[in-house]
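Structure file work01.cif with mmCIF, C-alpha atoms and all ligand atoms:
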```cif
data_final
#
loop_
_atom_site.label_atom_id
_atom_site.label_comp_id
_atom_site.auth_asym_id
_atom_site.auth_seq_id
_atom_site.Cartn_x
_atom_site.Cartn_y
_atom_site.Cartn_z
CA MET A 22 0.00 0.00 0.00
CA LEU A 23 1.12 3.54 -0.80
CA ALA A 24 0.22 6.10 1.86
CA ILE A 25 0.71 9.79 1.11
CA GLU A 26 0.12 11.81 4.26
CA ASN A 27 -0.21 15.57 4.19
CA VAL A 28 2.59 16.03 1.66
CA SER A 29 3.63 19.47 0.39
CA ARG A 30 6.58 20.58 -1.73
CA THR A 31 7.96 24.11 -1.60
CA PHE A 32 11.09 24.93 -3.62
CA SER A 33 14.05 27.04 -2.51
CA ASN A 34 12.78 29.96 -4.66
CA GLY A 35 9.58 30.02 -2.59
CA GLU A 36 7.46 28.41 -5.33
CA THR A 37 5.11 25.71 -4.02
CA GLY A 38 4.53 22.73 -6.34
CA PHE A 39 1.54 21.32 -4.46
CA LYS A 40 0.32 21.24 -0.88
CA ASN A 41 -1.44 19.14 1.74
CA ILE A 42 -1.93 16.06 -0.41
CA SER A 43 -3.11 12.90 1.33
CA LEU A 44 -3.99 9.75 -0.55
CA SER A 45 -4.14 6.10 0.30
CA ILE A 46 -3.62 3.72 -2.60
CA GLN A 47 -4.25 0.00 -2.35
CA LYS A 48 -2.24 -2.67 -4.13
CA GLY A 49 -3.48 -3.17 -7.68
CA GLU A 50 -5.38 0.11 -7.89
CA ILE A 51 -5.02 2.38 -10.91
CA ILE A 52 -5.25 6.01 -9.83
CA GLY A 53 -5.46 8.85 -12.33
CA ILE A 54 -4.18 12.31 -11.45
CA LEU A 55 -5.83 15.06 -13.48
CA GLY A 56 -5.24 18.77 -13.17
CA THR A 57 -4.54 21.77 -15.29
CA SER A 58 -1.01 22.81 -16.17
CA GLY A 59 1.19 23.85 -13.27
CA CYS A 60 -0.85 22.35 -10.43
CA GLY A 61 2.00 20.10 -9.34
CA LYS A 62 1.32 16.70 -10.94
CA SER A 63 4.90 16.05 -12.12
CA THR A 64 6.28 17.37 -8.84
CA LEU A 65 4.03 14.94 -6.97
CA LEU A 66 5.27 11.97 -9.04
CA ARG A 67 8.90 13.01 -8.51
CA VAL A 68 8.29 13.10 -4.75
CA LEU A 69 6.60 9.68 -4.79
CA SER A 70 9.44 8.20 -6.87
CA GLY A 71 12.04 9.30 -4.33
CA LEU A 72 13.76 11.53 -6.93
CA ASP A 73 12.77 14.63 -4.95
CA VAL A 74 13.11 14.31 -1.20
CA GLY A 75 12.69 17.98 -0.25
CA PHE A 76 9.05 17.55 0.71
CA LYS A 77 7.08 17.90 3.94
CA GLY A 78 4.78 15.15 5.17
CA SER A 79 5.27 11.44 4.67
CA VAL A 80 5.23 8.95 1.82
CA LEU A 81 5.06 5.33 2.95
CA ILE A 82 5.27 2.16 0.88
CA ASP A 83 3.98 -0.78 2.88
CA GLY A 84 4.65 1.27 6.01
CA GLU A 85 8.23 2.14 5.05
CA ALA A 86 9.16 5.81 4.49
CA VAL A 87 10.37 6.77 1.02
CA SER A 88 13.54 8.81 1.41
CA SER A 89 15.38 8.01 -1.85
CA VAL A 90 14.79 6.18 -5.12
CA HIS A 91 12.94 3.03 -4.13
CA GLU A 92 13.25 -0.41 -5.73
CA LYS A 93 9.49 -0.96 -5.47
CA ILE A 94 8.83 1.98 -7.79
CA GLY A 95 9.14 2.17 -11.57
CA MET A 96 8.76 5.42 -13.48
CA ILE A 97 7.72 6.12 -17.06
CA PHE A 98 7.97 9.61 -18.52
CA GLN A 99 6.40 11.39 -21.47
CA GLU A 100 9.54 10.80 -23.55
CA PRO A 101 11.18 7.36 -23.56
CA ARG A 102 14.59 8.64 -22.33
CA LEU A 103 16.46 5.69 -23.89
CA LEU A 104 20.24 5.62 -24.10
CA PRO A 105 20.94 6.04 -27.83
CA TRP A 106 24.24 4.12 -27.80
CA LEU A 107 22.65 1.00 -26.32
CA LYS A 108 20.61 -1.62 -28.17
CA VAL A 109 16.97 -2.11 -27.18
CA ILE A 110 17.75 -5.17 -25.05
CA GLU A 111 20.60 -3.33 -23.30
CA ASN A 112 18.38 -0.34 -22.58
CA ILE A 113 15.88 -2.65 -20.92
CA SER A 114 18.46 -4.53 -18.84
CA PHE A 115 20.46 -1.38 -17.95
CA GLY A 116 19.11 -1.17 -14.37
CA LEU A 117 19.86 -4.83 -13.60
CA THR A 118 23.57 -4.31 -13.09
CA ASN A 119 24.52 -7.38 -11.05
CA ASP A 120 21.71 -9.68 -12.09
CA LEU A 121 23.05 -12.87 -13.70
CA ASN A 122 19.73 -13.39 -15.48
CA LYS A 123 19.48 -9.88 -16.84
CA HIS A 124 19.35 -10.93 -20.48
CA GLU A 125 16.54 -13.44 -19.86
CA LYS A 126 14.58 -10.95 -17.79
CA ALA A 127 14.98 -8.20 -20.39
CA SER A 128 13.86 -10.64 -23.14
CA LYS A 129 10.77 -11.56 -21.15
CA TYR A 130 9.66 -7.95 -20.76
CA LEU A 131 10.60 -7.12 -24.35
CA GLU A 132 8.18 -9.84 -25.36
CA SER A 133 5.46 -8.58 -22.99
CA VAL A 134 5.52 -5.19 -24.70
CA GLY A 135 5.27 -6.82 -28.14
CA LEU A 136 8.81 -6.11 -29.36
CA LYS A 137 10.23 -9.62 -29.79
CA GLY A 138 12.65 -9.48 -32.72
CA PHE A 139 13.79 -5.89 -32.00
CA GLU A 140 16.43 -6.82 -29.39
CA ASN A 141 19.36 -5.55 -31.43
CA HIS A 142 17.81 -2.38 -32.82
CA TYR A 143 19.06 0.99 -31.65
CA PRO A 144 16.61 3.65 -30.35
CA LYS A 145 17.06 5.74 -33.52
CA ASP A 146 15.54 2.87 -35.55
CA LEU A 147 12.31 2.79 -33.52
CA SER A 148 9.03 4.68 -33.94
CA GLY A 149 7.84 6.84 -31.03
CA GLY A 150 5.39 4.13 -29.94
CA MET A 151 8.03 1.40 -30.09
CA ALA A 152 10.47 3.53 -28.09
CA GLN A 153 7.80 4.08 -25.46
CA ARG A 154 7.20 0.31 -25.32
CA VAL A 155 10.91 -0.10 -24.58
CA ALA A 156 10.61 2.47 -21.80
CA ILE A 157 7.69 0.50 -20.35
CA ALA A 158 9.71 -2.75 -20.50
CA ARG A 159 12.66 -1.00 -18.84
CA ALA A 160 10.41 0.15 -15.99
CA LEU A 161 8.90 -3.33 -15.58
CA VAL A 162 12.12 -5.34 -15.64
CA THR A 163 12.97 -4.62 -12.00
CA ALA A 164 9.50 -5.94 -11.07
CA PRO A 165 8.33 -2.76 -9.31
CA GLU A 166 5.15 -2.97 -7.28
CA ILE A 167 4.20 0.59 -8.11
CA LEU A 168 4.36 2.21 -11.53
CA LEU A 169 4.36 6.00 -11.77
CA LEU A 170 3.50 7.30 -15.22
CA ASP A 171 3.86 10.97 -16.13
CA GLU A 172 1.78 11.63 -19.27
CA PRO A 173 3.27 8.50 -20.84
CA PHE A 174 1.30 8.55 -24.08
CA SER A 175 0.76 12.25 -24.68
CA ALA A 176 3.45 12.53 -27.37
CA LEU A 177 1.97 9.67 -29.44
CA ASP A 178 -0.57 9.64 -32.26
CA ALA A 179 -4.15 8.66 -31.40
CA PHE A 180 -3.91 5.06 -32.65
CA THR A 181 -0.58 4.27 -30.97
CA LYS A 182 -1.93 5.87 -27.83
CA MET A 183 -4.92 3.50 -27.76
CA GLN A 184 -2.64 0.51 -28.36
CA LEU A 185 -0.37 1.49 -25.49
CA GLN A 186 -3.31 2.15 -23.18
CA ASP A 187 -4.38 -1.43 -23.91
CA LEU A 188 -0.82 -2.60 -23.31
CA LEU A 189 -0.79 -0.84 -19.95
CA PHE A 190 -4.09 -2.52 -19.10
CA SER A 191 -2.70 -5.96 -19.97
CA ILE A 192 0.44 -5.29 -17.90
CA TRP A 193 -1.72 -4.27 -14.96
CA LYS A 194 -3.71 -7.50 -15.29
CA GLN A 195 -0.64 -9.66 -15.64
CA TYR A 196 1.55 -8.12 -12.93
CA GLU A 197 -1.14 -6.72 -10.59
CA SER A 198 0.82 -3.46 -10.48
CA THR A 199 -0.33 -0.45 -8.53
CA ILE A 200 -0.41 2.42 -11.02
CA LEU A 201 -0.45 6.20 -10.67
CA LEU A 202 -1.14 7.80 -14.00
CA VAL A 203 -0.71 11.53 -14.49
CA THR A 204 -2.53 12.52 -17.65
CA HIS A 205 -4.22 15.43 -19.39
CA ASP A 206 -6.42 12.98 -21.27
CA ILE A 207 -9.74 12.57 -19.46
CA ASP A 208 -10.79 9.68 -21.76
CA GLU A 209 -7.56 7.85 -20.94
CA ALA A 210 -8.17 8.25 -17.22
CA LEU A 211 -11.77 7.07 -17.57
CA TYR A 212 -10.73 4.09 -19.66
CA LEU A 213 -8.07 2.84 -17.24
CA CYS A 214 -8.51 4.16 -13.72
CA ASP A 215 -10.39 2.94 -10.66
CA ARG A 216 -10.25 6.41 -9.15
CA ILE A 217 -9.48 9.83 -10.54
CA VAL A 218 -8.01 12.48 -8.27
CA ILE A 219 -8.55 16.04 -9.44
CA LEU A 220 -6.01 18.67 -8.46
CA ARG A 221 -6.78 22.34 -8.73
CA GLY A 222 -5.06 25.59 -7.98
CA GLN A 223 -1.51 26.81 -7.88
CA PRO A 224 -0.17 25.32 -5.71
CA GLY A 225 -2.34 22.35 -6.48
CA MET A 226 -4.47 20.69 -3.83
CA ILE A 227 -6.90 17.79 -4.06
CA TYR A 228 -10.19 19.27 -5.18
CA SER A 229 -12.22 16.16 -5.80
CA GLU A 230 -12.03 12.42 -6.23
CA ILE A 231 -14.17 10.29 -8.54
CA VAL A 232 -14.54 6.54 -8.16
CA ILE A 233 -15.21 4.73 -11.44
CA ASP A 234 -17.20 1.72 -10.37
CA GLN A 235 -17.20 0.04 -13.76
CA PRO A 236 -15.45 -3.25 -14.46
CA LYS A 237 -12.43 -3.27 -16.78
CA PRO A 238 -11.78 -3.60 -19.67
CA ARG A 239 -14.17 -0.78 -20.49
CA ALA A 240 -15.71 0.22 -23.78
CA ARG A 241 -14.32 3.41 -25.25
CA GLY A 242 -17.15 5.85 -25.82
CA ASP A 243 -19.35 4.26 -23.14
CA ALA A 244 -22.30 6.52 -22.26
CA TYR A 245 -21.72 6.38 -18.49
CA LEU A 246 -18.06 7.30 -18.95
CA GLY A 247 -19.27 10.17 -21.13
CA GLN A 248 -21.35 11.46 -18.23
CA LEU A 249 -18.37 11.21 -15.92
CA LYS A 250 -16.30 13.11 -18.47
CA ASP A 251 -18.76 16.01 -18.38
CA LYS A 252 -18.59 15.97 -14.59
CA ILE A 253 -14.77 16.04 -14.66
CA ILE A 254 -14.71 18.91 -17.17
CA HIS A 255 -16.93 20.80 -14.76
CA LEU A 256 -14.76 19.90 -11.76
CA LEU A 257 -11.63 21.01 -13.59
CA ASP A 258 -13.42 24.24 -14.42
CA LEU A 259 -12.62 23.74 -18.12
CA SER A 260 -16.05 24.49 -19.60
CA THR A 261 -16.24 27.80 -21.41
CA SER A 262 -19.43 29.78 -21.68
CA LEU A 263 -20.06 30.77 -25.30
N1 LIG B 1 12.51 22.76 -9.47
C1 LIG B 1 11.59 23.71 -9.34
N2 LIG B 1 11.87 24.90 -8.80
C2 LIG B 1 10.93 25.85 -8.63
N3 LIG B 1 9.64 25.70 -8.98
C3 LIG B 1 9.29 24.51 -9.53
C4 LIG B 1 10.23 23.46 -9.76
N4 LIG B 1 9.57 22.39 -10.31
C5 LIG B 1 8.30 22.78 -10.45
N5 LIG B 1 8.12 24.04 -10.00
C6 LIG B 1 6.86 24.79 -9.94
O1 LIG B 1 5.89 23.96 -9.32
C7 LIG B 1 4.64 24.15 -9.94
C8 LIG B 1 4.10 22.79 -10.40
O2 LIG B 1 4.91 22.31 -11.48
P1 LIG B 1 4.64 20.88 -12.14
O3 LIG B 1 5.60 20.73 -13.28
O4 LIG B 1 4.67 19.83 -11.09
O5 LIG B 1 3.16 21.04 -12.68
P2 LIG B 1 2.32 20.07 -13.61
O6 LIG B 1 0.95 20.00 -13.04
O7 LIG B 1 3.03 18.77 -13.81
O8 LIG B 1 2.30 20.89 -14.99
P3 LIG B 1 2.12 20.38 -16.49
O9 LIG B 1 0.76 19.77 -16.57
O10 LIG B 1 2.24 21.63 -17.29
O11 LIG B 1 3.23 19.38 -16.77
C9 LIG B 1 4.83 25.14 -11.08
O12 LIG B 1 4.45 26.41 -10.62
C10 LIG B 1 6.32 25.08 -11.35
O13 LIG B 1 6.81 26.30 -11.84
#
```
Exercise: express the given structure as structure tokens:
Amino acid sequence: MLAIENVSRTFSNGETGFKNISLSIQKGEIIGILGTSGCGKSTLLRVLSGLDVGFKGSVLIDGEAVSSVHEKIGMIFQEPRLLPWLKVIENISFGLTNDLNKHEKASKYLESVGLKGFENHYPKDLSGGMAQRVAIARALVTAPEILLLDEPFSALDAFTKMQLQDLLFSIWKQYESTILLVTHDIDEALYLCDRIVILRGQPGMIYSEIVIDQPKPRARGDAYLGQLKDKIIHLLDLSTSL
């Protein structure tokens, strides 16, 4: 379980990324974080990942405080961030320094993201969607219990995006990962998440939380999800009066 208790992050220049965030996330839950630009979503993920430890409050994984990068956490960013001089398989196994089975493990996750046969390609020879699949495999190879995703599909075309959303769903089913998904895409959050947390303000605070009590996999374009989308647009204060 991931417990976030009254966490705030203020930077040395006095800027506050977000404040007073408390959330309790159960194993296997998929939580969406939605909020307009600048409300602190990326800052929150950096804090949860252990990359940014200058926060107030507490972040606990299974009761243990996060105070540095944590082996139970895997992170996926908007861009794949692959090492261009390494082959696909080497990019995936990069974090498994002393693991004798690193090649086998990397091959397994390469296959789970649908890239069998691309082991020896270099990042420059991959499409954006393929590169992001490699980034997903690289995050999975250390078998993290919690996956933090920061707008992972926002740079991709609509079709690739849908394919990778389905890939994320199948990974969640297979590995029972706990997932925190920061996204600007309300449809994506409604398609994948059990709960959506809405941040508002600058600094961002939790404004609302919506539970999506619909079994997964869900149908894209479902009428009930459409109603929830309208509600979320309202909660985010995005609707314009014409
Ligand atoms: N290292 C930093 N130093 C100072 N201020 C920062 C730093 N990182 C983030 N901020 C500030 O914290 C606030 C939240 O930024 P953050 O990038 O987390 O927002 P976001 O919700 O992820 O935005 P977006 O949706 O545009 O990616 C912003 O006002 C930003 O300027």
Query - Expected answer as a ChimeraX atom specification: residues within 8 Å of ligand LIG 1 (chain B), all atoms listed in the file - result: /A:31-39,56-65,205,223-225
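Closest approach to Ile25 (chain A) from the set A:Pro105, A:Pro173, A:Gly78, A:Gly71 is made by A:Gly78, with distances taken over all atoms listed in the file.
The coordinates place CA of Phe190 (chain A) at 24.8 Å from CA of Lys123 (chain A).
Distances to Thr204 (chain A) were evaluated for A:Ile82, A:Ile52, A:Ala152, A:Ile227 using only C-alpha atoms, and the minimum falls at A:Ile52.
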Query raised in the report: Counting all atoms listed in the file, what is within 7 Å of region 46-50 of chain A, bar same-chain residues fewer than 4 positions away, as a ChimeraX atom specification?
Result: /A:22-24,197-200,215
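Counting all atoms listed in the file and comparing A:His124, A:Lys77, A:Arg159, A:Lys250, the residue that lies closest to Ile207 (chain A) is A:Lys250.
Considering the residues A:Asp73, A:Glu166, A:Glu125, A:Glu26 and counting all atoms listed in the file, Lys93 (chain A) has its shortest atom-to-atom contact with A:Glu166.
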